[in-house]
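Data first, discussion second: the structure below is written as structure tokens.
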Amino acid sequence: MTPTRTRKSLTVAAAVVTAASFTLAACSSGGAPSTTSTGGGGGGGGNSGYTFAMITHETPGDTFWDRIKAGAQQAAKDTGSTLKYSSDPDAAKQAVLIQNAIDSKVDGIATTLVTPDALIPTIKKAEAAGIPVDTFNSGIDFFQQAGALTHFASNEKLAGQEGGKRAAAAGATKILCTIQQSGSVALEDRCAGVKAAFPNTENLQVNGADDAAVTSAIQAKLTQDKTINWVITLGAPQALDTVKAAQTAGRSDVKVGTFDTNPDAAQAVQDGKIQWFIDQQPYLQGYMAITQLYLFKKNGNVLGGGQAVLTGPSFVDKTNIAQVLPFIKQNTR
């Protein structure tokens, strides 16, 4: 995959059920208290009688997860299933939520695998209880170890490499790569990919739950180190924070690229304030994670042939943002 390829050549088709499978990873968020919500569905699929739990490491207020949930809710509606959604960015508490789903005897569990060591033991308990599990978004290198049916995600290392190459081609002299959640294997993979493609990359740990703190930390770094002329963030809120930080620091030479997006960040790409974002199609991840559980329970179907099913990466910039922005605004991309 080269940085000059178009979105069409980079994007896994919406019919990801037949996509080629690879071993890869993905994620976004910070750290904050737990949130739990329950949604139901009965629609095009009639009433299947199935109840599926989706458990993520969502940070409250991170709009990335709105599209994950929207996809999962639509899949529940389409299959006539009930969806129970819960989340906590704390690994130990996420494991407790998985155990709660086991205890409630759900028909299947879809979970992110952001901190594999903390989550895999509980996932194994679900499987021992006869509850199928699939994983998505984070932990692509660990889903087989977890015994998951399959994994829906982007190739994070490859995405980071392509981001580093794009920044280099655009004149990067030094890249700052921000990490907004400590311990996330997917976020570490992203910055590792950037550094592999562009060795003069420095990582900066920020608190993704506090936008003001993120802005201050990046502003201080840009003021201190004038050789940094590119910042690659791992989430849309941090990209918008970086735009503010660069302006406050008087660094009009700094360019920003990011992983993931939200309506404001997508608009910033269209306006030229952010150069590009790397899309992993979160709506599709949520939709396919629940659909896979339904198909497995109903027919014994398993996607991916033992490998992960890719939903990205693809690059969105000024050349194709107009095609994608309407779907982002309606929360389906």
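So you can find residues: chains in the structure tokens are A, B, ... in the order shown, residues in each start at 1, and ligands are numbered from 1 in order.
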(message) Using only C-alpha atoms, which protein or nucleic acid residues come within 9 Å of Pro237 (chain A)? Drop anything in the same chain fewer than 5 positions from it, and give the result as a list in words.
(response)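 Within the cut-off, the hits are Asp62, Thr63, Gly208, Asp211, Thr242, Thr261, Asn262, Asp264 and Ala265 of chain A.
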(request) Extract, using only C-alpha atoms, all DNA, RNA and protein residues at most 6 Å from region 216-228 of chain A, discarding same-chain residues fewer than 2 positions from it, and format them as a list in words. (result) Lys174, Ile175, Ala213, Val214, Trp230, Ala245 and Ala249 of chain A
Kindly export the residues of the current selection with N, CA and C atoms, as an mmCIF file, in the first residue's frame.
data_model
loop_
_atom_site.group_PDB
_atom_site.id
_atom_site.type_symbol
_atom_site.label_atom_id
_atom_site.label_comp_id
_atom_site.auth_asym_id
_atom_site.auth_seq_id
_atom_site.Cartn_x
_atom_site.Cartn_y
_atom_site.Cartn_z
ATOM 1 N N LYS A 174 10.593 16.820 11.517
ATOM 2 C CA LYS A 174 10.432 16.038 12.744
ATOM 3 C C LYS A 174 8.944 15.909 13.029
ATOM 4 N N ILE A 175 8.520 14.696 13.402
ATOM 5 C CA ILE A 175 7.111 14.426 13.676
ATOM 6 C C ILE A 175 6.911 14.210 15.170
ATOM 7 N N ALA A 213 -5.691 20.059 28.738
ATOM 8 C CA ALA A 213 -4.356 19.562 29.075
ATOM 9 C C ALA A 213 -3.611 19.118 27.820
ATOM 10 N N VAL A 214 -4.341 18.509 26.887
ATOM 11 C CA VAL A 214 -3.724 18.091 25.622
ATOM 12 C C VAL A 214 -3.206 19.307 24.870
ATOM 13 N N TRP A 230 5.466 18.665 12.005
ATOM 14 C CA TRP A 230 4.303 17.812 11.770
ATOM 15 C C TRP A 230 3.878 17.196 13.096
ATOM 16 N N ALA A 245 -3.301 24.470 19.529
ATOM 17 C CA ALA A 245 -1.979 24.604 20.142
ATOM 18 C C ALA A 245 -0.989 25.266 19.195
ATOM 19 N N ALA A 249 0.858 28.820 19.782
ATOM 20 C CA ALA A 249 2.317 28.837 19.815
ATOM 21 C C ALA A 249 2.919 29.654 18.675
#
(request) Determine the nearest neighbour of Lys105 (chain A) from the options A:Lys329, A:Ala70, A:Thr51, A:Ile123, counting only C-alpha atoms. (result) A:Thr51
Among region 165-239 of chain A, which ones does DSSP place in strand (DSSP E), written as a PDB file with N, CA and C atoms, in the first residue's frame?
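Produced file part-v2.pdb, reproduced below:
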ATOM      1  N   ILE A 175       8.520  14.696  13.402  1.00  0.00           N
ATOM      2  CA  ILE A 175       7.111  14.426  13.676  1.00  0.00           C
ATOM      3  C   ILE A 175       6.911  14.210  15.170  1.00  0.00           C
ATOM      4  N   LEU A 176       5.867  14.823  15.702  1.00  0.00           N
ATOM      5  CA  LEU A 176       5.425  14.551  17.058  1.00  0.00           C
ATOM      6  C   LEU A 176       4.209  13.640  16.970  1.00  0.00           C
ATOM      7  N   CYS A 177       4.255  12.473  17.617  1.00  0.00           N
ATOM      8  CA  CYS A 177       3.139  11.522  17.608  1.00  0.00           C
ATOM      9  C   CYS A 177       2.557  11.463  19.017  1.00  0.00           C
ATOM     10  N   THR A 178       1.309  11.869  19.166  1.00  0.00           N
ATOM     11  CA  THR A 178       0.698  11.944  20.493  1.00  0.00           C
ATOM     12  C   THR A 178      -0.071  10.666  20.815  1.00  0.00           C
ATOM     13  N   ILE A 179       0.049  10.203  22.047  1.00  0.00           N
ATOM     14  CA  ILE A 179      -0.642   8.999  22.512  1.00  0.00           C
ATOM     15  C   ILE A 179      -1.547   9.398  23.675  1.00  0.00           C
ATOM     16  N   THR A 201      10.869  10.733  14.701  1.00  0.00           N
ATOM     17  CA  THR A 201       9.543  10.870  15.300  1.00  0.00           C
ATOM     18  C   THR A 201       9.677  10.762  16.808  1.00  0.00           C
ATOM     19  N   GLU A 202       9.030  11.652  17.520  1.00  0.00           N
ATOM     20  CA  GLU A 202       9.035  11.632  18.979  1.00  0.00           C
ATOM     21  C   GLU A 202       7.613  11.427  19.485  1.00  0.00           C
ATOM     22  N   ASN A 203       7.435  10.516  20.425  1.00  0.00           N
ATOM     23  CA  ASN A 203       6.123  10.287  21.023  1.00  0.00           C
ATOM     24  C   ASN A 203       5.883  11.245  22.186  1.00  0.00           C
ATOM     25  N   LEU A 204       4.640  11.631  22.361  1.00  0.00           N
ATOM     26  CA  LEU A 204       4.255  12.473  23.493  1.00  0.00           C
ATOM     27  C   LEU A 204       3.008  11.900  24.120  1.00  0.00           C
ATOM     28  N   GLN A 205       3.080  11.528  25.398  1.00  0.00           N
ATOM     29  CA  GLN A 205       1.920  11.014  26.124  1.00  0.00           C
ATOM     30  C   GLN A 205       1.060  12.183  26.588  1.00  0.00           C
ATOM     31  N   TRP A 230       5.466  18.665  12.005  1.00  0.00           N
ATOM     32  CA  TRP A 230       4.303  17.812  11.770  1.00  0.00           C
ATOM     33  C   TRP A 230       3.878  17.196  13.096  1.00  0.00           C
ATOM     34  N   VAL A 231       2.581  17.139  13.313  1.00  0.00           N
ATOM     35  CA  VAL A 231       2.035  16.411  14.463  1.00  0.00           C
ATOM     36  C   VAL A 231       1.030  15.408  13.920  1.00  0.00           C
ATOM     37  N   ILE A 232       1.198  14.142  14.304  1.00  0.00           N
ATOM     38  CA  ILE A 232       0.235  13.105  13.963  1.00  0.00           C
ATOM     39  C   ILE A 232      -0.430  12.662  15.258  1.00  0.00           C
ATOM     40  N   THR A 233      -1.723  12.901  15.345  1.00  0.00           N
ATOM     41  CA  THR A 233      -2.470  12.525  16.540  1.00  0.00           C
ATOM     42  C   THR A 233      -3.214  11.219  16.284  1.00  0.00           C
TER      43      THR A 233
END
(message) Calculated over only C-alpha atoms, which of the candidates A:Gly300, A:Pro132, A:Pro116, A:Gly235 has the smallest distance to Leu187 (chain A)?
(response) A:Gly235
(request) May I ask which of the residues A:Gly250, A:Val243, A:His151, A:Val302 is the closest one to Ile274 (chain A), counting only C-alpha atoms? (result)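 So, comparing all the options, the nearest one is A:Val243.
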(message) Can you tell me, as a PyMOL selection string, which residues in region 145-285 of chain A count as alpha helix (DSSP H) by DSSP?
(response) chain A and resi 145-146+156-169+185-197+211-224+236-248+263-271+282-285
(request) Pick out the closest residue to Val185 (chain A) from this set: A:Thr215, A:Leu113, A:Ile120, A:Leu149. Count only C-alpha atoms. (result)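 Closest residue, counting only C-alpha atoms: A:Leu113.
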(request) Show which residues sit within 6 Å of region 152-167 of chain A, as a list in words. Count only C-alpha atoms, and ignore same-chain residues fewer than 5 positions away. (result)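 Using only C-alpha atoms, the neighbours found are Pro3, Leu24, Ala25, Ala26, Phe136, Asn137, Ala172, Asp189, Arg190, Gly193, Val194, Ala197, Phe198, Gln280, Gln285, Val309, Leu310, Thr311, Gly312 and Pro313 of chain A.
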(message) Give me the residues near Pro282 (chain A) as a list in words, where near means some atom within 7 Å (using only C-alpha atoms) and where sequence neighbours in that chain fewer than 3 positions away do not count.
(response)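 So the residues in contact are Arg67, Ile68, Gln285, Gly286 and Arg333 of chain A.
Counting only C-alpha atoms, the residue from A:Val316, A:Ile55, A:Ala196, A:Val254 that sits nearest to Thr173 (chain A) is A:Val254.
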(message) Can you pull out the residues contacting Ile328 (chain A)? Cut-off 8 Å, using only C-alpha atoms, and skip same-chain residues under 3 positions away; I want them as an MDAnalysis selection string.
(response) chainID A and resid 262:263 266 324:325 331:333
(request) Rounded to one decimal place, report the CA of Asn299 (chain A)-CA of Lys69 (chain A) distance in Å. (result) 24.3 Å
